[in-house]
file run-v1.tsv (TSV, C-alpha atoms)
chain	number	residue	atom	x	y	z
A	970	MET	CA	0.00	0.00	0.00
A	971	THR	CA	2.64	2.46	1.06
A	972	THR	CA	4.95	1.37	-1.73
A	973	THR	CA	2.31	2.04	-4.40
A	974	THR	CA	1.64	5.51	-3.06
A	975	ALA	CA	5.36	6.16	-2.96
A	976	ALA	CA	5.65	4.91	-6.52
A	977	SER	CA	2.74	7.04	-7.74
A	978	ALA	CA	4.15	10.03	-5.88
A	979	SER	CA	7.51	9.60	-7.56
A	980	LEU	CA	5.73	9.14	-10.87
A	981	ALA	CA	3.84	12.39	-10.35
A	982	LYS	CA	7.09	14.06	-9.39
A	983	ALA	CA	8.77	12.69	-12.48
A	984	LYS	CA	5.97	14.09	-14.60
A	985	GLU	CA	6.44	17.65	-13.42
A	986	THR	CA	10.24	17.73	-13.37
A	987	PRO	CA	11.55	18.46	-16.83
A	988	VAL	CA	13.96	15.90	-18.27
A	989	PHE	CA	17.07	17.35	-19.83
A	990	TYR	CA	18.45	14.17	-21.31
A	991	VAL	CA	17.22	11.23	-23.32
A	992	ALA	CA	15.71	9.01	-20.62
A	993	ASP	CA	15.63	5.73	-22.49
A	994	GLU	CA	18.44	5.79	-24.99
A	995	HIS	CA	18.09	3.23	-27.74
A	996	ASP	CA	21.08	0.93	-27.98
A	997	HIS	CA	23.90	1.81	-30.32
A	998	PRO	CA	25.68	-1.16	-31.87
A	999	GLU	CA	29.43	-1.04	-31.42
A	1000	GLY	CA	31.12	1.06	-34.07
A	1001	ALA	CA	27.88	2.32	-35.59
A	1002	SER	CA	29.08	5.92	-35.49
A	1003	THR	CA	32.72	5.23	-36.44
A	1004	LEU	CA	32.24	5.98	-40.13
A	1005	LEU	CA	30.49	9.29	-39.43
A	1006	GLY	CA	33.22	10.18	-36.95
A	1007	PHE	CA	35.89	9.32	-39.49
A	1008	TRP	CA	34.12	11.44	-42.08
A	1009	LEU	CA	34.23	14.38	-39.65
A	1010	TYR	CA	37.99	13.80	-39.26
A	1011	LEU	CA	38.37	13.85	-43.05
A	1012	MET	CA	36.47	17.14	-43.21
A	1013	SER	CA	38.85	18.67	-40.67
A	1014	ASP	CA	41.75	17.31	-42.72
A	1015	CYS	CA	40.14	19.03	-45.70
A	1016	LEU	CA	40.45	22.34	-43.82
A	1017	VAL	CA	44.17	21.66	-43.23
A	1018	PHE	CA	44.61	21.26	-46.98
A	1019	ALA	CA	42.46	24.35	-47.65
A	1020	VAL	CA	44.87	26.43	-45.57
A	1021	LEU	CA	47.88	24.95	-47.37
A	1022	PHE	CA	46.24	25.56	-50.77
A	1023	ALA	CA	45.50	29.17	-49.78
A	1024	THR	CA	49.12	29.64	-48.65
A	1025	TYR	CA	50.37	28.21	-51.92
A	1026	GLY	CA	47.93	30.35	-53.89
A	1027	VAL	CA	49.23	33.51	-52.21
A	1028	LEU	CA	52.93	32.63	-52.49
A	1029	SER	CA	52.92	30.77	-55.82
A	1030	SER	CA	54.35	33.68	-57.80
A	1031	SER	CA	57.01	34.72	-55.25
A	1032	TYR	CA	59.98	33.15	-57.00
A	1033	ALA	CA	62.66	35.35	-55.38
A	1034	ALA	CA	64.42	35.32	-58.78
A	1035	GLY	CA	64.53	31.53	-58.45
A	1036	PRO	CA	63.11	28.86	-60.75
A	1037	SER	CA	59.48	29.16	-61.87
A	1038	PRO	CA	56.94	26.31	-62.10
A	1039	LYS	CA	57.32	26.24	-65.87
A	1040	GLU	CA	61.02	25.41	-65.57
A	1041	LEU	CA	60.55	22.89	-62.75
A	1042	PHE	CA	57.42	20.87	-63.41
A	1043	ASP	CA	57.55	17.86	-65.70
A	1044	LEU	CA	53.92	17.34	-66.77
A	1045	PRO	CA	54.30	13.83	-68.29
A	1046	LEU	CA	55.76	12.67	-64.95
A	1047	VAL	CA	52.86	14.28	-63.06
A	1048	ALA	CA	50.42	12.58	-65.44
A	1049	VAL	CA	52.00	9.18	-64.67
A	1050	ASN	CA	51.85	10.00	-60.97
A	1051	THR	CA	48.19	10.96	-61.22
A	1052	SER	CA	47.33	7.74	-63.02
A	1053	MET	CA	49.06	5.74	-60.24
A	1054	LEU	CA	46.80	7.32	-57.62
A	1055	LEU	CA	43.71	6.95	-59.82
A	1056	LEU	CA	44.45	3.25	-60.42
A	1057	SER	CA	44.98	2.73	-56.68
A	1058	SER	CA	41.52	4.23	-56.10
A	1059	ILE	CA	39.77	1.73	-58.39
A	1060	THR	CA	41.77	-1.22	-57.00
A	1061	TYR	CA	40.73	-0.22	-53.47
A	1062	GLY	CA	37.16	-0.21	-54.81
A	1063	PHE	CA	37.70	-3.80	-55.99
A	1064	ALA	CA	38.98	-4.69	-52.50
A	1065	VAL	CA	35.79	-3.29	-50.93
A	1066	LEU	CA	33.68	-5.29	-53.40
A	1067	GLU	CA	35.55	-8.50	-52.48
A	1068	MET	CA	35.10	-7.63	-48.81
A	1069	GLN	CA	31.32	-7.43	-49.36
A	1070	LYS	CA	31.47	-10.86	-51.03
A	1071	LYS	CA	33.58	-12.14	-48.08
A	1072	ASN	CA	36.43	-13.28	-50.34
A	1073	VAL	CA	39.35	-12.80	-47.96
A	1074	ASN	CA	42.14	-13.76	-50.34
A	1075	ALA	CA	40.86	-11.72	-53.27
A	1076	MET	CA	40.41	-8.75	-50.95
A	1077	LEU	CA	43.96	-9.07	-49.65
A	1078	PHE	CA	45.23	-9.31	-53.23
A	1079	TRP	CA	43.54	-6.05	-54.25
A	1080	LEU	CA	44.72	-4.39	-51.06
A	1081	VAL	CA	48.32	-5.35	-51.86
A	1082	VAL	CA	47.88	-4.04	-55.43
A	1083	THR	CA	46.52	-0.77	-54.01
A	1084	GLY	CA	49.48	-0.50	-51.66
A	1085	LEU	CA	51.89	-1.07	-54.56
A	1086	PHE	CA	50.24	1.67	-56.66
A	1087	GLY	CA	50.44	3.95	-53.62
A	1088	ALA	CA	54.12	3.10	-53.20
A	1089	ALA	CA	54.71	3.79	-56.90
A	1090	PHE	CA	53.06	7.19	-56.48
A	1091	LEU	CA	55.29	7.98	-53.52
A	1092	GLY	CA	58.38	6.74	-55.37
A	1093	ILE	CA	57.70	9.01	-58.36
A	1094	GLU	CA	56.98	11.95	-56.07
A	1095	LEU	CA	60.19	11.41	-54.10
A	1096	TYR	CA	62.12	11.13	-57.40
A	1097	GLU	CA	60.59	14.44	-58.50
A	1098	PHE	CA	61.51	16.09	-55.18
A	1099	ALA	CA	65.06	14.72	-55.32
A	1100	HIS	CA	65.42	15.95	-58.89
A	1101	MET	CA	64.20	19.43	-57.95
A	1102	ILE	CA	66.45	19.66	-54.88
A	1103	HIS	CA	69.40	18.46	-56.97
A	1104	GLU	CA	68.75	21.35	-59.38
A	1105	GLY	CA	68.87	23.78	-56.46
A	1106	ALA	CA	65.09	24.17	-56.15
A	1107	THR	CA	65.09	23.46	-52.42
A	1108	PRO	CA	62.31	24.49	-50.02
A	1109	GLN	CA	64.61	27.30	-48.80
A	1110	ARG	CA	65.04	28.79	-52.28
A	1111	SER	CA	61.85	30.87	-52.49
A	1112	ALA	CA	58.42	31.33	-50.91
A	1113	PHE	CA	56.92	29.55	-53.91
A	1114	LEU	CA	59.08	26.47	-53.29
A	1115	SER	CA	58.48	26.53	-49.51
A	1116	SER	CA	54.72	26.47	-49.99
A	1117	PHE	CA	54.99	23.94	-52.83
A	1118	PHE	CA	56.97	21.45	-50.74
A	1119	THR	CA	54.67	21.99	-47.74
A	1120	LEU	CA	51.47	21.38	-49.72
A	1121	VAL	CA	52.63	18.48	-51.89
A	1122	GLY	CA	54.73	17.06	-49.05
A	1123	THR	CA	51.75	17.03	-46.67
A	1124	HIS	CA	49.75	15.11	-49.26
A	1125	GLY	CA	52.64	12.69	-49.72
A	1126	LEU	CA	52.85	12.25	-45.95
A	1127	HIS	CA	49.15	11.35	-45.90
A	1128	VAL	CA	49.74	8.75	-48.62
A	1129	THR	CA	52.67	7.37	-46.57
A	1130	PHE	CA	50.49	6.94	-43.51
A	1131	GLY	CA	47.74	5.45	-45.69
A	1132	ILE	CA	50.21	2.79	-46.87
A	1133	ILE	CA	51.33	2.08	-43.28
A	1134	TRP	CA	47.66	1.73	-42.30
A	1135	MET	CA	47.10	-0.57	-45.28
A	1136	ILE	CA	49.98	-2.85	-44.28
A	1137	THR	CA	48.59	-2.94	-40.72
A	1138	LEU	CA	45.13	-3.90	-42.01
A	1139	ILE	CA	46.52	-6.57	-44.33
A	1140	THR	CA	48.20	-8.13	-41.27
A	1141	GLN	CA	45.01	-7.78	-39.23
A	1142	VAL	CA	42.81	-9.43	-41.86
A	1143	TRP	CA	45.44	-12.11	-42.44
A	1144	ARG	CA	45.41	-13.03	-38.74
A	1145	PHE	CA	41.79	-12.43	-37.68
A	1146	GLY	CA	39.84	-12.60	-40.94
A	1147	LEU	CA	37.01	-10.32	-42.01
A	1148	ILE	CA	35.57	-9.66	-38.56
A	1149	GLU	CA	33.24	-6.68	-38.05
A	1150	ALA	CA	36.00	-4.49	-36.60
A	1151	ASN	CA	38.26	-5.17	-39.58
A	1152	LYS	CA	35.44	-4.43	-42.04
A	1153	ARG	CA	34.86	-1.13	-40.32
A	1154	ARG	CA	38.56	-0.28	-40.48
A	1155	LEU	CA	38.68	-1.21	-44.16
A	1156	LEU	CA	35.77	1.14	-44.87
A	1157	CYS	CA	37.52	3.94	-42.95
A	1158	LEU	CA	40.73	3.43	-44.90
A	1159	SER	CA	38.64	3.36	-48.09
A	1160	MET	CA	37.31	6.83	-47.28
A	1161	PHE	CA	40.81	8.04	-46.36
A	1162	TRP	CA	42.31	6.70	-49.59
A	1163	HIS	CA	39.59	8.11	-51.88
A	1164	PHE	CA	39.79	11.41	-50.00
A	1165	LEU	CA	43.55	11.62	-50.77
A	1166	ASP	CA	42.69	11.14	-54.43
A	1167	VAL	CA	40.22	14.04	-54.21
A	1168	VAL	CA	42.94	16.25	-52.68
A	1169	TRP	CA	45.32	15.21	-55.47
A	1170	ILE	CA	42.81	16.49	-58.07
A	1171	GLY	CA	43.25	19.89	-56.42
A	1172	VAL	CA	47.03	19.52	-56.38
A	1173	PHE	CA	47.52	18.57	-60.03
A	1174	THR	CA	45.06	21.23	-61.22
A	1175	PHE	CA	45.97	24.11	-58.93
A	1176	VAL	CA	49.71	23.49	-58.53
A	1177	TYR	CA	51.01	21.67	-61.59
A	1178	LEU	CA	48.69	22.54	-64.49
A	1179	MET	CA	48.03	26.14	-63.45
A	1180	GLY	CA	51.72	26.52	-62.53
A	1181	VAL	CA	52.77	25.61	-66.06
A	1182	LEU	CA	50.10	27.90	-67.54
A	1183	ARG	CA	51.26	30.91	-65.55
B	1440	MET	CA	21.08	5.23	-63.03
B	1441	SER	CA	23.01	3.37	-60.38
B	1442	THR	CA	23.05	6.41	-58.08
B	1443	GLY	CA	19.27	6.27	-57.86
B	1444	THR	CA	19.33	2.66	-56.72
B	1445	HIS	CA	22.19	3.54	-54.33
B	1446	GLY	CA	20.08	6.13	-52.61
B	1447	ALA	CA	17.02	3.90	-52.41
B	1448	HIS	CA	19.09	1.04	-51.08
B	1449	GLY	CA	20.72	3.27	-48.49
B	1450	GLN	CA	17.38	4.42	-47.17
B	1451	GLY	CA	16.09	0.87	-47.07
B	1452	ALA	CA	19.14	-0.23	-45.09
B	1453	HIS	CA	18.59	2.68	-42.74
B	1454	GLY	CA	15.04	1.58	-42.05
B	1455	HIS	CA	15.90	-1.83	-40.68
B	1456	GLY	CA	19.41	-0.92	-39.58
B	1457	SER	CA	18.63	-1.32	-35.88
B	1458	HIS	CA	17.55	-4.94	-36.33
B	1459	ASP	CA	20.61	-6.38	-37.99
B	1460	ALA	CA	23.05	-4.24	-36.10
B	1461	HIS	CA	25.96	-6.36	-37.29
B	1462	GLY	CA	25.06	-6.01	-40.93
B	1463	HIS	CA	26.23	-3.11	-43.05
B	1464	GLU	CA	26.37	0.26	-41.41
B	1465	SER	CA	23.03	1.94	-41.59
B	1466	GLY	CA	22.76	4.50	-44.33
B	1467	HIS	CA	25.89	3.32	-46.10
B	1468	PRO	CA	24.90	2.03	-49.50
B	1469	GLU	CA	26.69	-1.07	-50.73
B	1470	SER	CA	29.34	-0.46	-53.34
B	1471	THR	CA	28.76	-1.91	-56.77
B	1472	LEU	CA	31.18	-2.81	-59.53
B	1473	GLY	CA	29.21	-0.71	-61.99
B	1474	GLY	CA	29.45	2.34	-59.74
B	1475	TYR	CA	33.22	2.03	-59.40
B	1476	LEU	CA	33.73	1.47	-63.13
B	1477	ILE	CA	31.58	4.47	-64.08
B	1478	GLY	CA	33.46	6.60	-61.56
B	1479	PHE	CA	36.83	5.37	-62.81
B	1480	GLY	CA	35.92	5.93	-66.47
B	1481	LEU	CA	34.68	9.44	-65.80
B	1482	SER	CA	37.72	10.38	-63.72
B	1483	VAL	CA	40.15	9.06	-66.36
B	1484	VAL	CA	38.45	11.27	-68.98
B	1485	LEU	CA	38.26	14.23	-66.59
B	1486	THR	CA	41.99	13.86	-65.78
B	1487	ALA	CA	43.12	13.31	-69.36
B	1488	ILE	CA	41.33	16.37	-70.81
B	1489	PRO	CA	43.00	19.03	-68.57
B	1490	PHE	CA	46.47	17.49	-69.06
B	1491	TRP	CA	45.88	17.38	-72.82
B	1492	LEU	CA	44.61	20.98	-72.83
B	1493	VAL	CA	47.65	22.29	-70.97
B	1494	MET	CA	50.28	20.15	-72.71
B	1495	THR	CA	49.08	20.94	-76.24
B	1496	GLY	CA	47.78	24.45	-75.58
B	1497	LYS	CA	44.78	23.65	-77.79
B	1498	LEU	CA	42.65	26.54	-76.49
B	1499	GLY	CA	45.46	29.00	-77.26
B	1500	ASN	CA	44.43	31.23	-74.38
B	1501	ASN	CA	45.80	30.82	-70.87
B	1502	GLU	CA	42.83	32.39	-69.08
B	1503	LEU	CA	40.34	30.23	-70.98
B	1504	THR	CA	42.43	27.10	-70.30
B	1505	THR	CA	42.60	27.97	-66.58
B	1506	VAL	CA	38.83	28.32	-66.35
B	1507	ALA	CA	38.37	25.05	-68.27
B	1508	ILE	CA	40.72	22.97	-66.09
B	1509	LEU	CA	39.24	24.43	-62.87
B	1510	ALA	CA	35.75	23.52	-64.06
B	1511	LEU	CA	36.89	19.99	-65.00
B	1512	ALA	CA	38.54	19.60	-61.57
B	1513	ALA	CA	35.31	20.63	-59.84
B	1514	VAL	CA	33.35	18.08	-61.88
B	1515	GLN	CA	35.92	15.38	-61.11
B	1516	ILE	CA	35.75	16.11	-57.38
B	1517	VAL	CA	31.97	15.63	-57.52
B	1518	VAL	CA	32.44	12.37	-59.47
B	1519	HIS	CA	34.85	11.07	-56.82
B	1520	MET	CA	32.51	12.13	-54.02
B	1521	VAL	CA	29.54	10.32	-55.57
B	1522	TYR	CA	31.11	7.15	-57.02
B	1523	PHE	CA	34.09	6.51	-54.72
B	1524	LEU	CA	33.10	8.12	-51.40
B	1525	HIS	CA	29.40	7.19	-51.90
B	1526	MET	CA	28.13	10.58	-50.87
B	1527	SER	CA	24.37	10.86	-50.95
B	1528	PRO	CA	21.97	13.13	-49.06
B	1529	SER	CA	20.58	10.11	-47.21
B	1530	SER	CA	23.83	8.60	-45.86
B	1531	GLU	CA	24.07	8.67	-42.03
B	1532	GLY	CA	20.74	10.48	-41.91
B	1533	GLY	CA	22.16	13.48	-43.76
B	1534	TRP	CA	24.97	14.22	-41.30
B	1535	THR	CA	27.80	13.50	-43.74
B	1536	MET	CA	26.23	15.86	-46.26
B	1537	LEU	CA	25.78	18.55	-43.61
B	1538	ALA	CA	29.43	18.23	-42.55
B	1539	LEU	CA	30.50	18.35	-46.21
B	1540	ILE	CA	28.48	21.49	-46.94
B	1541	PHE	CA	29.93	23.20	-43.86
B	1542	THR	CA	33.46	22.22	-44.91
B	1543	VAL	CA	32.94	23.43	-48.48
B	1544	VAL	CA	31.74	26.82	-47.14
B	1545	MET	CA	34.84	27.05	-44.92
B	1546	VAL	CA	37.15	26.04	-47.78
B	1547	VAL	CA	35.64	28.61	-50.15
B	1548	ILE	CA	35.92	31.38	-47.53
B	1549	THR	CA	39.55	30.42	-46.75
B	1550	LEU	CA	40.66	30.17	-50.36
B	1551	ALA	CA	38.72	33.07	-51.87
B	1552	GLY	CA	39.37	35.33	-48.88
B	1553	SER	CA	43.12	34.68	-48.75
B	1554	LEU	CA	43.64	35.02	-52.48
B	1555	TRP	CA	41.49	38.14	-52.79
B	1556	VAL	CA	42.94	40.00	-49.80
B	1557	MET	CA	46.55	39.07	-50.49
B	1558	TYR	CA	46.26	39.91	-54.19
B	1559	HIS	CA	45.09	43.41	-53.31
B	1560	MET	CA	47.80	43.77	-50.69
B	1561	ASN	CA	50.38	42.79	-53.30
B	1562	THR	CA	49.16	45.13	-56.02
B	1563	ASN	CA	48.44	48.12	-53.79
B	1564	MET	CA	51.38	47.95	-51.40
B	1565	MET	CA	54.22	47.35	-53.86
B	1566	PRO	CA	57.41	49.14	-52.95
B	1567	GLY	CA	57.66	52.39	-54.85
B	1568	MET	CA	53.92	52.91	-54.82
B	1569	ASP	CA	53.67	55.50	-52.08
B	1570	PRO	CA	50.00	56.00	-51.13
B	1571	SER	CA	50.57	59.75	-50.62
B	1572	GLN	CA	51.70	60.06	-54.23
B	1573	LEU	CA	48.46	58.65	-55.58
B	1574	PRO	CA	46.10	61.11	-57.28
call {"tool": "encode", "arguments": {"input": "run-v1.tsv", "output": "structure tokens"}}
result
Amino acid sequence: MTTTTAASASLAKAKETPVFYVADEHDHPEGASTLLGFWLYLMSDCLVFAVLFATYGVLSSSYAAGPSPKELFDLPLVAVNTSMLLLSSITYGFAVLEMQKKNVNAMLFWLVVTGLFGAAFLGIELYEFAHMIHEGATPQRSAFLSSFFTLVGTHGLHVTFGIIWMITLITQVWRFGLIEANKRRLLCLSMFWHFLDVVWIGVFTFVYLMGVLR
Amino acid sequence: MSTGTHGAHGQGAHGHGSHDAHGHESGHPESTLGGYLIGFGLSVVLTAIPFWLVMTGKLGNNELTTVAILALAAVQIVVHMVYFLHMSPSSEGGWTMLALIFTVVMVVITLAGSLWVMYHMNTNMMPGMDPSQLP
């Protein structure tokens, strides 16, 4: 008797006190918000690149009597580099398709191919940098070159970490198979990798092609 | 088109996403081979054209070529967003799109603002151009 009155009293009290939080939160499966969270990270990374692009845009004609983009950039080499990154994007797509079909070995194969294309991209970029520095076009030479190496170097650094992540995931899938956590990580890396390709569109258009046109 | 089915599929997955929590992430449409191949084909064309334009100088006019390659880059970015990153207004209940729109606004303000302000600083504050000497 007393318990029911107490219960109804507390119920009445609960009715009049406003609730400032979700009382009965529906359950969130583990990792359900990871992809959205990773997307938000990519958007913040996008802002990092926006700042670097703006810096390059402002400083891109400050040669300090040094070499200009026209003398430095080798467009056929950049075209090869671009195709490497584009091919790595489609091969990662194939890896995701195999992941959906639960073909572990085929997925690992495409992941390795993607990593190799990524490594080829990095190799060509490092060759280009080495060639430029050998010619005296070092980051210290002019504001144009400082901002160029910062922008393109930051993109290259992202690709490097993408490849390290890819090697880690290949090991993970090799040992533990296509468990839910690994699938989620593969989808995150997929977004990261395609996002780097999107940034590269900006780089080859804004830096290389427009640099040669100037 | 495959994008239409993508969107419909994504919404369908969202509807029963809470039941099979260990299935595909709710609101993330499944990737298809056709989608990737269309995206790849389009991006190859959209990469080849600007390189060809600049390397051959077909348009004969630097300003016109610049506008053309910037427009092609914008189209290619949209292609990558749709076919490779699977952006659609329905994914994650619209939150990815909202974050993207916010980021695009920030990027445009950063880029346009920096270039505009610094260009004027450069042209108006060149050494030798004393403001008191201006008419």
call {"tool": "interface_residues", "arguments": {"input": "run-v1.tsv", "of": "chain A", "to": "chain B", "cutoff": "6 Å", "atoms": "only C-alpha atoms", "output": "mmCIF file with C-alpha atoms, in the coordinates of the input"}}
result
data_model
loop_
_atom_site.group_PDB
_atom_site.id
_atom_site.type_symbol
_atom_site.label_atom_id
_atom_site.label_comp_id
_atom_site.auth_asym_id
_atom_site.auth_seq_id
_atom_site.Cartn_x
_atom_site.Cartn_y
_atom_site.Cartn_z
ATOM 1 C CA PRO A 998 25.680 -1.160 -31.870
ATOM 2 C CA ALA A 1019 42.460 24.350 -47.650
ATOM 3 C CA ALA A 1023 45.500 29.170 -49.780
ATOM 4 C CA VAL A 1027 49.230 33.510 -52.210
ATOM 5 C CA VAL A 1167 40.220 14.040 -54.210
#
call {"tool": "atom_distance", "arguments": {"input": "run-v1.tsv", "atom1": "atom CA of A:Ile1133", "atom2": "atom CA of A:Asp1014"}}
result
18.0 Å
call {"tool": "residues_around", "arguments": {"input": "run-v1.tsv", "residues": "A:Tyr1025", "least_positions_apart": "5", "cutoff": "12 Å", "atoms": "only C-alpha atoms", "output": "list in words"}}
result
Phe1018, Ala1019, Val1020, Ser1030, Ser1031, Tyr1032, Ser1111, Ala1112, Phe1113, Leu1114, Ser1115, Ser1116, Phe1117, Phe1118, Thr1119, Leu1120, Val1121, Gly1171, Val1172, Phe1175, Val1176, Tyr1177, Met1179 and Gly1180 of chain A; Leu1550, Ser1553, Leu1554 and Met1557 of chain B
call {"tool": "write_last_selection", "arguments": {"input": "run-v1.tsv", "atoms": "C-alpha atoms", "output": "compact mmCIF listing (two decimals), in the frame of the given file"}}
result
# COMPACT_ATOMS: atom_id res chain seq x y z
CA PHE A 1018 44.61 21.26 -46.98
CA ALA A 1019 42.46 24.35 -47.65
CA VAL A 1020 44.87 26.43 -45.57
CA SER A 1030 54.35 33.68 -57.80
CA SER A 1031 57.01 34.72 -55.25
CA TYR A 1032 59.98 33.15 -57.00
CA SER A 1111 61.85 30.87 -52.49
CA ALA A 1112 58.42 31.33 -50.91
CA PHE A 1113 56.92 29.55 -53.91
CA LEU A 1114 59.08 26.47 -53.29
CA SER A 1115 58.48 26.53 -49.51
CA SER A 1116 54.72 26.47 -49.99
CA PHE A 1117 54.99 23.94 -52.83
CA PHE A 1118 56.97 21.45 -50.74
CA THR A 1119 54.67 21.99 -47.74
CA LEU A 1120 51.47 21.38 -49.72
CA VAL A 1121 52.63 18.48 -51.89
CA GLY A 1171 43.25 19.89 -56.42
CA VAL A 1172 47.03 19.52 -56.38
CA PHE A 1175 45.97 24.11 -58.93
CA VAL A 1176 49.71 23.49 -58.53
CA TYR A 1177 51.01 21.67 -61.59
CA MET A 1179 48.03 26.14 -63.45
CA GLY A 1180 51.72 26.52 -62.53
CA LEU B 1550 40.66 30.17 -50.36
CA SER B 1553 43.12 34.68 -48.75
CA LEU B 1554 43.64 35.02 -52.48
CA MET B 1557 46.55 39.07 -50.49
call {"tool": "residues_near_point", "arguments": {"input": "run-v1.tsv", "point": "(52.1, 7.4, -56.9)", "cutoff": "10 Å", "atoms": "all atoms listed in the file", "output": "MDAnalysis selection string"}}
result
chainID A and resid 1047 1049:1057 1084:1095 1125 1128
call {"tool": "atom_distance", "arguments": {"input": "run-v1.tsv", "atom1": "atom CA of A:Trp1162", "atom2": "atom CA of A:Leu1126"}}
result
12.5 Å
call {"tool": "atom_distance", "arguments": {"input": "run-v1.tsv", "atom1": "atom CA of A:Leu1178", "atom2": "atom CA of A:Ser1159"}}
result
27.2 Å
call {"tool": "axis_aligned_box", "arguments": {"input": "run-v1.tsv", "around": "stretch 1469-1482 of chain B", "padding_each_side": "4 Å", "output": "lines of an AutoDock Vina configuration file"}}
result
center_x = 32.2
center_y = 3.8
center_z = -58.6
size_x = 19.0
size_y = 21.2
size_z = 23.7
call {"tool": "residues_near_point", "arguments": {"input": "run-v1.tsv", "point": "(39.1, -16.6, -46.4)", "cutoff": "12 Å", "atoms": "all atoms listed in the file", "output": "list in words"}}
result
Glu1067, Met1068, Lys1070, Lys1071, Asn1072, Val1073, Asn1074, Ala1075, Met1076, Leu1077, Phe1078, Val1142, Trp1143, Arg1144, Phe1145, Gly1146, Leu1147 and Ile1148 of chain A
call {"tool": "closest_residue", "arguments": {"input": "run-v1.tsv", "among": "B:Leu1537, B:Met1526, B:Ile1488, B:Leu1481", "to": "A:Phe1164", "atoms": "all atoms listed in the file"}}
result
B:Met1526
call {"tool": "decode", "arguments": {"input": "run-v1.tsv", "residues": "stretch 1169-1183 of chain A", "atoms": "N, CA and C atoms", "output": "mmCIF file, in the first residue's frame"}}
result
data_model
loop_
_atom_site.group_PDB
_atom_site.id
_atom_site.type_symbol
_atom_site.label_atom_id
_atom_site.label_comp_id
_atom_site.auth_asym_id
_atom_site.auth_seq_id
_atom_site.Cartn_x
_atom_site.Cartn_y
_atom_site.Cartn_z
ATOM 1 N N TRP A 1169 44.353 15.194 -54.373
ATOM 2 C CA TRP A 1169 45.316 15.210 -55.467
ATOM 3 C C TRP A 1169 44.752 15.884 -56.717
ATOM 4 N N ILE A 1170 43.428 15.774 -56.943
ATOM 5 C CA ILE A 1170 42.806 16.494 -58.067
ATOM 6 C C ILE A 1170 43.107 17.985 -57.914
ATOM 7 N N GLY A 1171 42.937 18.496 -56.684
ATOM 8 C CA GLY A 1171 43.250 19.890 -56.415
ATOM 9 C C GLY A 1171 44.712 20.195 -56.664
ATOM 10 N N VAL A 1172 45.594 19.268 -56.251
ATOM 11 C CA VAL A 1172 47.034 19.521 -56.384
ATOM 12 C C VAL A 1172 47.431 19.566 -57.856
ATOM 13 N N PHE A 1173 47.015 18.562 -58.648
ATOM 14 C CA PHE A 1173 47.521 18.571 -60.035
ATOM 15 C C PHE A 1173 46.902 19.712 -60.840
ATOM 16 N N THR A 1174 45.664 20.126 -60.483
ATOM 17 C CA THR A 1174 45.063 21.233 -61.217
ATOM 18 C C THR A 1174 45.661 22.570 -60.785
ATOM 19 N N PHE A 1175 45.621 22.802 -59.471
ATOM 20 C CA PHE A 1175 45.973 24.112 -58.930
ATOM 21 C C PHE A 1175 47.482 24.348 -58.948
ATOM 22 N N VAL A 1176 48.259 23.312 -58.635
ATOM 23 C CA VAL A 1176 49.708 23.493 -58.526
ATOM 24 C C VAL A 1176 50.390 23.237 -59.864
ATOM 25 N N TYR A 1177 50.208 22.040 -60.428
ATOM 26 C CA TYR A 1177 51.007 21.670 -61.595
ATOM 27 C C TYR A 1177 50.478 22.309 -62.883
ATOM 28 N N LEU A 1178 49.192 22.044 -63.207
ATOM 29 C CA LEU A 1178 48.686 22.536 -64.494
ATOM 30 C C LEU A 1178 48.646 24.062 -64.524
ATOM 31 N N MET A 1179 48.103 24.680 -63.451
ATOM 32 C CA MET A 1179 48.034 26.139 -63.447
ATOM 33 C C MET A 1179 49.414 26.761 -63.291
ATOM 34 N N GLY A 1180 50.346 26.026 -62.654
ATOM 35 C CA GLY A 1180 51.716 26.522 -62.533
ATOM 36 C C GLY A 1180 52.386 26.612 -63.890
ATOM 37 N N VAL A 1181 52.168 25.601 -64.721
ATOM 38 C CA VAL A 1181 52.772 25.610 -66.061
ATOM 39 C C VAL A 1181 52.107 26.677 -66.933
ATOM 40 N N LEU A 1182 50.803 26.899 -66.733
ATOM 41 C CA LEU A 1182 50.098 27.900 -67.541
ATOM 42 C C LEU A 1182 50.567 29.318 -67.227
ATOM 43 N N ARG A 1183 50.995 29.536 -65.971
ATOM 44 C CA ARG A 1183 51.264 30.913 -65.550
ATOM 45 C C ARG A 1183 52.396 31.558 -66.348
#
